[in-house]
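Raw contents of coords_0.txt, compact mmCIF, C-alpha atoms:
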# COMPACT_ATOMS: atom_id res chain seq x y z
CA MET A 186 4.56 26.71 -25.71
CA SER A 187 0.96 26.60 -26.93
CA LEU A 188 -1.06 23.59 -25.81
CA THR A 189 -4.04 21.55 -26.91
CA LEU A 190 -6.07 19.40 -24.53
CA ARG A 191 -7.92 16.32 -25.74
CA THR A 192 -9.36 13.01 -24.55
CA ILE A 193 -6.84 10.19 -24.96
CA SER A 194 -7.01 6.39 -24.81
CA ARG A 195 -5.99 4.45 -21.73
CA GLU A 196 -3.05 3.05 -23.72
CA GLN A 197 -1.76 6.55 -24.54
CA HIS A 198 -2.24 7.58 -20.92
CA LEU A 199 -0.37 4.55 -19.58
CA ALA A 200 2.49 5.00 -22.07
CA TYR A 201 2.88 8.60 -20.90
CA ILE A 202 2.91 7.61 -17.19
CA GLN A 203 5.51 4.91 -17.97
CA SER A 204 7.75 7.53 -19.60
CA LEU A 205 7.99 9.49 -16.32
CA PRO A 206 10.21 8.82 -13.27
CA SER A 207 6.97 8.40 -11.28
CA ALA A 208 3.40 9.62 -10.80
CA SER A 209 0.69 9.11 -8.21
CA HIS A 210 -0.97 5.68 -8.15
CA MET A 211 -4.27 7.60 -8.37
CA GLN A 212 -3.30 8.98 -11.76
CA VAL A 213 -2.74 5.66 -13.56
CA PRO A 214 -5.56 4.65 -15.94
CA ALA A 215 -6.38 1.50 -13.92
CA TRP A 216 -7.30 3.62 -10.88
CA SER A 217 -10.59 4.35 -12.65
CA ASP A 218 -11.43 0.62 -12.43
CA VAL A 219 -10.75 0.69 -8.69
CA LYS A 220 -13.18 3.62 -8.34
CA ALA A 221 -15.97 1.79 -10.15
CA GLU A 222 -18.73 4.09 -8.86
CA TRP A 223 -17.17 7.05 -10.72
CA ARG A 224 -17.18 7.64 -14.49
CA ALA A 225 -13.66 8.22 -15.81
CA GLU A 226 -11.91 10.10 -18.60
CA ASN A 227 -8.25 10.24 -19.62
CA LEU A 228 -6.98 13.66 -20.69
CA GLY A 229 -3.78 14.55 -22.53
CA TRP A 230 -2.02 17.88 -23.06
CA PHE A 231 -0.17 18.20 -26.37
CA ASP A 232 2.52 20.63 -27.52
CA ASP A 233 1.09 22.25 -30.67
CA ARG A 234 4.45 22.45 -32.41
CA THR A 235 5.37 18.78 -32.15
CA ASP A 236 2.02 17.16 -31.22
CA GLU A 237 3.95 15.43 -28.44
CA MET A 238 2.08 14.60 -25.23
CA VAL A 239 3.45 16.72 -22.38
CA GLY A 240 0.89 16.06 -19.62
CA ALA A 241 -1.93 13.71 -18.61
CA GLY A 242 -4.76 13.53 -16.14
CA LEU A 243 -7.22 10.94 -14.88
CA VAL A 244 -10.57 12.60 -14.22
CA LEU A 245 -13.21 10.86 -12.11
CA TYR A 246 -16.80 12.11 -12.47
CA ARG A 247 -19.27 11.65 -9.63
CA GLN A 248 -22.91 12.36 -10.43
CA LEU A 249 -25.00 14.57 -8.18
CA PRO A 250 -28.10 12.87 -6.73
CA LYS A 251 -31.07 13.23 -9.13
CA ILE A 252 -29.46 15.55 -11.74
CA LYS A 253 -27.01 15.00 -14.59
CA ARG A 254 -24.29 17.26 -13.21
CA TYR A 255 -20.95 16.04 -11.94
CA LEU A 256 -18.13 16.68 -9.55
CA ALA A 257 -14.93 16.25 -11.60
CA TYR A 258 -12.05 14.99 -9.45
CA LEU A 259 -8.35 14.59 -10.33
CA PRO A 260 -6.83 12.87 -7.26
CA GLU A 261 -3.15 13.82 -6.85
CA GLY A 262 -3.23 15.22 -10.36
CA PRO A 263 -3.19 16.21 -13.14
CA VAL A 264 0.35 15.15 -14.08
CA ILE A 265 1.54 18.36 -15.74
CA ASN A 266 4.42 20.81 -15.44
CA TRP A 267 3.16 22.63 -12.36
CA PHE A 268 6.07 25.05 -12.39
CA ALA A 269 5.43 26.19 -15.97
CA PRO A 270 5.34 30.00 -16.19
CA ASN A 271 2.15 29.72 -18.27
CA LEU A 272 0.20 27.58 -15.76
CA GLN A 273 -3.04 29.24 -16.87
CA GLU A 274 -2.62 27.81 -20.37
CA TRP A 275 -2.59 24.31 -18.84
CA ILE A 276 -5.49 24.79 -16.45
CA GLU A 277 -8.00 26.89 -18.40
CA PRO A 278 -8.57 24.44 -21.29
CA MET A 279 -9.10 21.71 -18.67
CA LEU A 280 -11.79 23.75 -16.91
CA ALA A 281 -13.50 24.54 -20.23
CA HIS A 282 -13.46 20.85 -21.18
CA LEU A 283 -14.81 19.67 -17.82
CA LYS A 284 -17.60 22.23 -17.95
CA GLN A 285 -18.57 20.88 -21.38
CA GLN A 286 -18.71 17.40 -19.83
CA GLY A 287 -21.34 18.57 -17.34
CA ALA A 288 -19.09 19.28 -14.34
CA PHE A 289 -20.43 21.83 -11.85
CA SER A 290 -17.29 21.73 -9.70
CA VAL A 291 -13.68 20.58 -10.14
CA LYS A 292 -11.42 19.24 -7.39
CA MET A 293 -7.73 18.53 -7.96
CA GLY A 294 -4.64 17.78 -5.89
CA PRO A 295 -1.47 19.26 -7.41
CA PRO A 296 1.35 16.77 -6.68
CA VAL A 297 3.58 19.61 -5.48
CA ILE A 298 5.48 19.50 -2.18
CA ILE A 299 5.84 22.82 -0.30
CA ARG A 300 7.84 21.86 2.79
CA ARG A 301 9.80 18.99 4.31
CA TRP A 302 10.81 18.37 7.92
CA GLU A 303 13.57 15.89 8.87
CA ALA A 304 12.89 13.29 11.60
CA THR A 305 15.38 14.97 13.96
CA THR A 306 13.54 18.31 13.62
CA ILE A 307 10.19 16.63 14.35
CA LYS A 308 11.59 14.83 17.42
CA LYS A 309 12.80 18.15 18.83
CA GLY A 310 9.34 19.60 18.14
CA ILE A 311 7.62 16.75 20.00
CA GLN A 312 9.76 17.49 23.06
CA ASP A 313 8.97 21.23 22.96
CA PRO A 314 5.71 22.02 24.84
CA ASP A 315 5.19 25.17 22.73
CA VAL A 316 5.11 23.18 19.50
CA LYS A 317 1.68 21.80 18.70
CA ARG A 318 1.81 21.35 14.90
CA LEU A 319 4.35 20.69 12.16
CA ARG A 320 3.83 24.23 10.88
CA ASP A 321 5.11 25.56 14.24
CA LEU A 322 8.51 24.13 13.31
CA GLU A 323 10.93 25.70 10.87
CA ALA A 324 11.00 23.44 7.79
CA ASP A 325 14.30 21.88 6.65
CA PHE A 326 13.32 22.38 3.03
CA ILE A 327 10.99 24.90 1.40
CA GLU A 328 10.02 24.95 -2.30
CA PRO A 329 9.50 28.65 -3.17
CA ARG A 330 7.93 27.76 -6.54
CA ALA A 331 5.10 25.97 -4.71
CA PHE A 332 3.96 29.29 -3.23
CA GLU A 333 3.90 30.76 -6.74
CA VAL A 334 1.67 27.88 -7.88
CA ALA A 335 -0.74 28.50 -4.98
CA ASP A 336 -0.76 32.20 -5.79
CA LYS A 337 -1.53 31.57 -9.48
CA LEU A 338 -4.36 29.16 -8.60
CA ARG A 339 -5.96 31.69 -6.26
CA ARG A 340 -5.78 34.38 -8.92
CA MET A 341 -7.51 32.00 -11.38
CA GLY A 342 -10.37 31.56 -8.91
CA TRP A 343 -9.42 28.23 -7.30
CA GLN A 344 -10.39 27.88 -3.64
CA GLN A 345 -9.03 25.87 -0.78
CA GLY A 346 -11.27 24.74 2.06
CA GLU A 347 -9.91 23.98 5.51
CA ASP A 348 -10.85 20.32 5.10
CA GLY A 349 -9.62 20.21 1.51
CA GLY A 350 -12.92 21.19 -0.07
CA ALA A 351 -16.24 19.60 -0.85
CA GLY A 352 -15.25 16.19 0.48
CA PHE A 353 -17.20 14.24 -2.12
CA GLY A 354 -14.18 12.16 -3.10
CA ASP A 355 -11.62 10.36 -0.97
CA VAL A 356 -9.92 13.54 0.19
CA GLN A 357 -6.18 12.84 0.06
CA PRO A 358 -3.79 13.58 2.92
CA ARG A 359 -1.99 16.91 2.80
CA TYR A 360 0.81 15.68 5.06
CA VAL A 361 2.66 12.44 4.32
CA TYR A 362 5.73 10.65 5.66
CA GLN A 363 8.45 9.56 3.23
CA VAL A 364 11.77 7.75 3.43
CA PRO A 365 14.09 8.98 0.64
CA LEU A 366 16.07 6.12 -0.95
CA ALA A 367 17.88 7.79 -3.87
CA ASN A 368 21.68 7.90 -3.54
CA ARG A 369 21.60 6.15 -0.15
CA SER A 370 22.76 2.70 0.86
CA LEU A 371 20.44 0.36 2.76
CA GLU A 372 22.89 0.53 5.66
CA GLU A 373 22.40 4.30 5.79
CA VAL A 374 18.62 3.92 5.73
CA HIS A 375 18.77 1.36 8.55
CA LYS A 376 21.17 3.55 10.56
CA ASN A 377 18.67 6.40 10.32
CA PHE A 378 15.96 4.38 12.09
CA ASN A 379 15.59 5.34 15.73
CA GLN A 380 16.82 3.00 18.45
CA LEU A 381 13.36 1.62 19.15
CA TRP A 382 12.82 0.66 15.50
CA ARG A 383 16.20 -1.04 15.24
CA ARG A 384 15.57 -2.87 18.51
CA ASN A 385 12.10 -3.99 17.35
CA ILE A 386 13.43 -5.26 14.00
CA LYS A 387 16.04 -7.29 15.89
CA LYS A 388 13.41 -8.53 18.35
CA ALA A 389 11.19 -9.78 15.48
CA GLU A 390 14.16 -11.53 13.85
CA LYS A 391 15.10 -13.25 17.12
CA ALA A 392 11.52 -14.35 17.70
CA GLY A 393 11.45 -15.92 14.23
CA VAL A 394 8.91 -13.56 12.61
CA GLU A 395 8.87 -14.19 8.87
CA VAL A 396 7.58 -11.77 6.27
CA VAL A 397 6.05 -13.26 3.12
CA GLN A 398 4.36 -11.95 0.00
CA GLY A 399 0.76 -12.96 -0.62
CA GLY A 400 -1.44 -13.05 -3.71
CA TYR A 401 -5.06 -12.57 -4.74
CA ASP A 402 -6.15 -15.75 -2.89
CA ASP A 403 -4.79 -14.33 0.37
CA LEU A 404 -7.03 -11.25 0.30
CA PRO A 405 -9.67 -12.82 2.62
CA GLU A 406 -6.89 -13.28 5.21
CA TRP A 407 -5.86 -9.66 4.67
CA GLN A 408 -9.50 -8.66 5.21
CA ARG A 409 -9.66 -10.57 8.51
CA LEU A 410 -6.73 -8.58 9.93
CA TYR A 411 -8.00 -5.33 8.42
CA GLU A 412 -11.42 -5.70 10.05
CA ILE A 413 -9.81 -6.40 13.44
CA THR A 414 -7.86 -3.14 12.94
CA ALA A 415 -11.03 -1.24 12.00
CA VAL A 416 -12.76 -2.27 15.23
CA ARG A 417 -9.71 -1.35 17.31
CA ASP A 418 -9.09 2.00 15.61
CA HIS A 419 -12.76 2.96 15.14
CA PHE A 420 -12.96 3.40 11.36
CA ARG A 421 -15.30 1.94 8.77
CA PRO A 422 -13.46 -0.74 6.78
CA ARG A 423 -13.68 -1.09 3.02
CA PRO A 424 -15.25 -4.37 1.87
CA LEU A 425 -13.17 -7.30 0.59
CA SER A 426 -14.58 -6.67 -2.91
CA TYR A 427 -12.78 -3.29 -2.97
CA PHE A 428 -9.36 -4.91 -2.43
CA GLU A 429 -10.14 -7.69 -4.91
CA ARG A 430 -11.06 -5.06 -7.50
CA MET A 431 -7.95 -3.05 -6.66
CA TRP A 432 -5.70 -6.11 -7.07
CA THR A 433 -7.28 -7.17 -10.38
CA ALA A 434 -7.39 -3.67 -11.87
CA LEU A 435 -3.91 -2.51 -10.90
CA ASN A 436 -2.06 -5.77 -11.58
CA SER A 437 -3.68 -6.31 -14.96
CA GLU A 438 -2.29 -2.90 -15.96
CA ASP A 439 1.16 -3.74 -14.58
CA PRO A 440 1.86 -7.11 -12.89
CA ASN A 441 3.99 -5.34 -10.27
CA ARG A 442 1.64 -2.45 -9.43
CA MET A 443 0.24 -3.87 -6.17
CA ARG A 444 1.74 -6.27 -3.63
CA LEU A 445 0.48 -7.85 -0.43
CA TYR A 446 2.69 -8.67 2.57
CA PHE A 447 2.13 -10.68 5.76
CA ALA A 448 4.26 -10.87 8.89
CA ARG A 449 3.72 -14.22 10.59
CA HIS A 450 4.91 -15.94 13.74
CA ASN A 451 4.60 -19.70 14.34
CA GLY A 452 2.46 -19.92 11.18
CA VAL A 453 -0.04 -17.26 12.35
CA ASN A 454 -0.42 -14.01 10.37
CA LEU A 455 -0.10 -11.09 12.80
CA SER A 456 0.07 -8.11 10.47
CA ALA A 457 -0.42 -7.33 6.80
CA ALA A 458 0.05 -4.46 4.34
CA THR A 459 -0.58 -3.52 0.74
CA MET A 460 2.13 -1.86 -1.32
CA LEU A 461 1.72 0.14 -4.54
CA ILE A 462 4.43 0.84 -7.13
CA VAL A 463 4.50 3.44 -9.92
CA GLY A 464 7.96 3.99 -11.39
CA GLY A 465 10.35 5.04 -8.63
CA HIS A 466 7.63 5.83 -6.11
CA VAL A 467 6.56 3.06 -3.72
CA TRP A 468 3.69 3.46 -1.24
CA TYR A 469 2.79 1.57 1.90
CA SER A 470 -0.90 1.87 1.18
CA TYR A 471 -3.07 0.01 3.74
CA GLY A 472 -1.93 -1.64 6.95
CA ALA A 473 -3.60 -4.11 9.31
CA SER A 474 -2.68 -6.04 12.45
CA ASP A 475 -4.13 -8.46 14.95
CA ASN A 476 -4.57 -7.68 18.63
CA ILE A 477 -2.31 -10.60 19.52
CA GLY A 478 1.42 -11.13 19.02
CA ARG A 479 2.40 -7.49 19.26
CA GLU A 480 5.31 -8.33 21.55
CA VAL A 481 7.19 -9.94 18.62
CA ARG A 482 6.98 -6.65 16.65
CA PRO A 483 5.55 -7.95 13.35
CA SER A 484 4.80 -4.46 11.96
CA ASN A 485 8.40 -3.29 12.24
CA ALA A 486 9.65 -6.48 10.58
CA MET A 487 7.13 -6.08 7.74
CA GLN A 488 8.01 -2.40 7.10
CA TRP A 489 11.72 -3.21 7.00
CA ARG A 490 11.11 -5.99 4.46
CA MET A 491 8.87 -3.71 2.31
CA LEU A 492 11.46 -0.96 2.45
CA ARG A 493 14.20 -3.36 1.36
CA ASP A 494 12.03 -4.63 -1.50
CA ALA A 495 11.29 -1.06 -2.58
CA TYR A 496 15.04 -0.40 -2.56
CA ALA A 497 15.69 -3.53 -4.64
CA LEU A 498 13.13 -2.26 -7.18
CA GLY A 499 15.23 0.88 -7.57
CA ALA A 500 12.68 3.12 -5.83
CA THR A 501 13.71 6.69 -5.06
CA VAL A 502 11.16 7.08 -2.26
CA TYR A 503 9.29 4.82 0.15
CA ASP A 504 6.08 6.61 1.04
CA LEU A 505 4.30 5.78 4.30
CA ARG A 506 1.33 7.94 3.22
CA GLY A 507 -0.78 10.14 5.48
CA ILE A 508 0.02 11.62 8.85
CA SER A 509 -1.74 14.31 10.88
CA ASP A 510 0.20 17.55 11.33
CA SER A 511 -0.39 17.39 15.11
CA LEU A 512 2.64 16.97 17.38
CA ASP A 513 0.48 17.01 20.50
CA GLU A 514 0.91 13.75 22.45
CA THR A 515 -2.74 13.89 23.62
CA ASP A 516 -4.00 13.89 19.99
CA HIS A 517 -5.52 10.50 18.99
CA LEU A 518 -3.54 10.60 15.71
CA PHE A 519 -0.19 11.30 17.39
CA GLY A 520 0.76 7.59 17.48
CA LEU A 521 0.77 7.53 13.68
CA ILE A 522 3.43 10.20 13.26
CA GLN A 523 5.39 8.77 16.20
CA PHE A 524 5.53 5.34 14.50
CA LYS A 525 6.54 6.79 11.12
CA VAL A 526 9.14 9.24 12.50
CA GLY A 527 10.96 6.15 13.80
CA THR A 528 11.96 5.34 10.19
CA GLY A 529 14.13 8.46 10.15
CA GLY A 530 12.54 9.83 6.98
CA GLN A 531 10.84 13.17 6.38
CA ALA A 532 7.39 14.65 6.79
CA ALA A 533 6.27 16.36 3.58
CA GLU A 534 3.49 18.88 3.08
CA TYR A 535 1.70 18.97 -0.27
CA LEU A 536 -0.15 21.96 -1.72
CA GLY A 537 -3.40 20.28 -0.71
CA GLU A 538 -6.62 19.91 -2.68
CA TRP A 539 -8.23 22.80 -4.57
CA ASP A 540 -11.79 23.41 -5.77
CA PHE A 541 -13.10 25.38 -8.71
CA PRO A 542 -16.86 25.98 -8.61
CA LEU A 543 -18.05 26.09 -12.25
CA ASN A 544 -21.60 26.53 -10.93
CA LYS A 545 -21.46 28.38 -7.62
CA LEU A 546 -25.02 27.49 -6.64
CA LEU A 547 -24.60 23.73 -7.13
CA HIS A 548 -21.17 23.83 -5.50
CA LYS A 549 -22.67 25.51 -2.43
CA ALA A 550 -25.54 23.00 -2.37
CA LEU A 551 -23.04 20.15 -2.46
CA ASP A 552 -21.08 21.67 0.46
CA ILE A 553 -24.31 21.84 2.53
CA TYR A 554 -25.31 18.29 1.50
CA MET A 555 -21.87 16.92 2.49
CA SER A 556 -21.78 18.74 5.85
CA ARG A 557 -25.13 17.18 6.78
CA ARG A 558 -24.19 13.64 5.81

Exercise: express the given structure as C-alpha cells:
Amino acid sequence: MSLTLRTISREQHLAYIQSLPSASHMQVPAWSDVKAEWRAENLGWFDDRTDEMVGAGLVLYRQLPKIKRYLAYLPEGPVINWFAPNLQEWIEPMLAHLKQQGAFSVKMGPPVIIRRWEATTIKKGIQDPDVKRLRDLEADFIEPRAFEVADKLRRMGWQQGEDGGAGFGDVQPRYVYQVPLANRSLEEVHKNFNQLWRRNIKKAEKAGVEVVQGGYDDLPEWQRLYEITAVRDHFRPRPLSYFERMWTALNSEDPNRMRLYFARHNGVNLSAATMLIVGGHVWYSYGASDNIGREVRPSNAMQWRMLRDAYALGATVYDLRGISDSLDETDHLFGLIQFKVGTGGQAAEYLGEWDFPLNKLLHKALDIYMSRR
C-alpha cells in the first residue's frame, strides 16, 4: 500500500477517530485546545489507491526559547497501523513533514502494548523478596509484534531515553493498570476484586456514601479536593483553569468525553475523580481526596460506580492510568500499584516514548536545558 501524508481538518480527524473502536484521549482533535500553550496540527495518512484515510495523528509543537524551532510531540500516537510490514512508509513522510514545519526533534508514544501481567501474578511477585520490579516477573501475555516495532524504530534512527526522552512534554506513563470489560459480566468483574476492595465497597454502602456526577460548576469543589491531595502527596497541582479548559474543550467535541464524579458522606464531598471516554476506552484520569472521612472508603465506592458506568457505556477497558513498575514495598509509589491491583485487572507495559533528533545539536541542547530545570 503506498501512502500520502497531508494536513487534515479537525472535522476529518474527529470523523476518523469516531470510526475506530477507540484511540487515546490525547489523540482527539480537542486535546490541542487543552494544551493551549502548544501549536497543533492534524495529520492524515491516505491510501493512494482509494484516497481513503487510514491513519491520523495530533501533533503538538512546542517552541524553543528564543528561536523559531519546535519540539513536535504526538502523545500516545500517531493512530496508525503499527504492525504494518511497511512501517517505514508511514513514519518517514511524517518526519519529512515535521522537519518542514520547523521541528528539530520529534517525540511520539506508539500506542502498542508489549506485555501484560495479571493481578494474581503481581500479588505473588509482591510476596517474593527477590522480585523488585514488574519486569522481574514472567508476563502472562507478550505481544511479539511489539518487539518488531521497537526493532524497526531503532533501525530508522529513533532513540529511547531511560526517562522517556527529552521530557519537554507531559511524558506519558509506560506502565498502566487496566480492568478488561469485554465479554465479562459485572458480577465477574466484582468477583475479581480482592477481599479488601469488596469489603471496602460494602463498608461505603453501609455508611451511606453516595457517588454523584458533577458538572462544570462543580470544578471549584474538585479543585479544593485536588489541592488537598497535592499537599499530602507532594506534587504541584494544575490550576483550576486547566480543568475548566479541559471540560469545555473535550465536551464541546463530544458531550460525553469528560465526566466528573464525587463520593460524598453526610453531604460532604470526600473524594473526586475525572473520567475520559473515547470509543470503548474509558480512563480514570485524575483523582483527589480529602484527609477526612477515609474510614468510610469513598474512593473504593467511587471507582466501583465509575467502573459500572464505563460498563454501561459498552466500554471494553477501564483504564486506571499510570503505575510505577516497582514492586518494592519501601518505594513511595508502591501504594499506587497496591490500590490498583485490588481491582483484579492487569498491569500493561507500553512501548514507551521515542525521540527522533532531526537536528542533533538542538536536541542535545534541549536535553541539557531540561536536565538543569

TODO: Excluding Pro542 in chain A and residues on its chain fewer than 3 positions from it, collect all residues at most 8 Å away from it, counting all atoms listed in the file, and give them as a list in words.
DONE: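 Near neighbours after the sequence-gap exclusion: Phe289, Ser290, Val291, Trp343, Lys545 and His548 of chain A.
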
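Those residues that approach Val416 in chain A to within 12 Å, counting all atoms listed in the file, are Arg409, Leu410, Tyr411, Glu412, Phe420, Arg421, Pro422, Ala473, Ser474, Asp475 and Asn476 of chain A; same-chain residues fewer than 4 positions away are not listed.
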
Write a file of the just-selected residues containing C-alpha atoms, as a PDB file, in the frame of the given file.
ATOM      1  CA  ARG A 409      -9.660 -10.570   8.510  1.00  0.00           C
ATOM      2  CA  LEU A 410      -6.730  -8.580   9.930  1.00  0.00           C
ATOM      3  CA  TYR A 411      -8.000  -5.330   8.420  1.00  0.00           C
ATOM      4  CA  GLU A 412     -11.420  -5.700  10.050  1.00  0.00           C
ATOM      5  CA  PHE A 420     -12.960   3.400  11.360  1.00  0.00           C
ATOM      6  CA  ARG A 421     -15.300   1.940   8.770  1.00  0.00           C
ATOM      7  CA  PRO A 422     -13.460  -0.740   6.780  1.00  0.00           C
ATOM      8  CA  ALA A 473      -3.600  -4.110   9.310  1.00  0.00           C
ATOM      9  CA  SER A 474      -2.680  -6.040  12.450  1.00  0.00           C
ATOM     10  CA  ASP A 475      -4.130  -8.460  14.950  1.00  0.00           C
ATOM     11  CA  ASN A 476      -4.570  -7.680  18.630  1.00  0.00           C
TER      12      ASN A 476
END

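Rounded to one decimal, CA of Lys317 in chain A and CA of His517 in chain A lie 13.4 Å from each other.
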
Task: Straight-line distance linking CA of Arg479 in chain A with CA of Tyr427 in chain A, stated in Å to one decimal - done: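 Between CA of Arg479 in chain A and CA of Tyr427 in chain A the gap works out to 27.2 Å.
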
Within 7 Å of Val297 in chain A using all atoms listed in the file, minus same-chain residues under 6 positions, as a compact mmCIF listing (two decimals) with C-alpha atoms, keeping the file's coordinate frame:
# COMPACT_ATOMS: atom_id res chain seq x y z
CA ALA A 331 5.10 25.97 -4.71
CA TYR A 535 1.70 18.97 -0.27
CA LEU A 536 -0.15 21.96 -1.72

- [ ] Around the point (11.2, 2.6, -5.3), in the coordinates given by the file, pick out the residues reaching within 12 Å, counting all atoms listed in the file, and return them as number ranges by chain.
- [x] A: 206-208, 363-368, 441-442, 460-469, 491-504

Next, write the just-selected residues to a file, as a CSV table (one decimal), in the coordinates of the input, keeping C-alpha atoms as the atom set.
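Final output, result12.csv:
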chain,number,residue,atom,x,y,z
A,206,PRO,CA,10.2,8.8,-13.3
A,207,SER,CA,7.0,8.4,-11.3
A,208,ALA,CA,3.4,9.6,-10.8
A,363,GLN,CA,8.4,9.6,3.2
A,364,VAL,CA,11.8,7.8,3.4
A,365,PRO,CA,14.1,9.0,0.6
A,366,LEU,CA,16.1,6.1,-1.0
A,367,ALA,CA,17.9,7.8,-3.9
A,368,ASN,CA,21.7,7.9,-3.5
A,441,ASN,CA,4.0,-5.3,-10.3
A,442,ARG,CA,1.6,-2.4,-9.4
A,460,MET,CA,2.1,-1.9,-1.3
A,461,LEU,CA,1.7,0.1,-4.5
A,462,ILE,CA,4.4,0.8,-7.1
A,463,VAL,CA,4.5,3.4,-9.9
A,464,GLY,CA,8.0,4.0,-11.4
A,465,GLY,CA,10.4,5.0,-8.6
A,466,HIS,CA,7.6,5.8,-6.1
A,467,VAL,CA,6.6,3.1,-3.7
A,468,TRP,CA,3.7,3.5,-1.2
A,469,TYR,CA,2.8,1.6,1.9
A,491,MET,CA,8.9,-3.7,2.3
A,492,LEU,CA,11.5,-1.0,2.4
A,493,ARG,CA,14.2,-3.4,1.4
A,494,ASP,CA,12.0,-4.6,-1.5
A,495,ALA,CA,11.3,-1.1,-2.6
A,496,TYR,CA,15.0,-0.4,-2.6
A,497,ALA,CA,15.7,-3.5,-4.6
A,498,LEU,CA,13.1,-2.3,-7.2
A,499,GLY,CA,15.2,0.9,-7.6
A,500,ALA,CA,12.7,3.1,-5.8
A,501,THR,CA,13.7,6.7,-5.1
A,502,VAL,CA,11.2,7.1,-2.3
A,503,TYR,CA,9.3,4.8,0.2
A,504,ASP,CA,6.1,6.6,1.0

TODO: Quick one: pull the distance between CA of Ile311 in chain A and CA of Val526 in chain A, Å, one decimal.
DONE: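 Result for CA of Ile311 in chain A versus CA of Val526 in chain A: 10.7 Å, one decimal.
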
Edge lengths and centre in Å, axis-aligned, range 498-502 of chain A plus 8 Å each side, as JSON:
{"center_x": 13.2, "center_y": 2.4, "center_z": -4.9, "size_x": 20.1, "size_y": 25.3, "size_z": 21.3}

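Ranking A:Leu228, A:Leu199, A:Gly537, A:Val244 by their shortest atom-to-atom distance to Pro295 in chain A, with only C-alpha atoms included, puts A:Gly537 first.
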
Task: Distance criterion (only C-alpha atoms): nearest to Ile477 in chain A out of A:Arg300, A:Arg449, A:Arg234, A:Arg224 - done: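 Distance minimum relative to Ile477 in chain A lands on A:Arg449.
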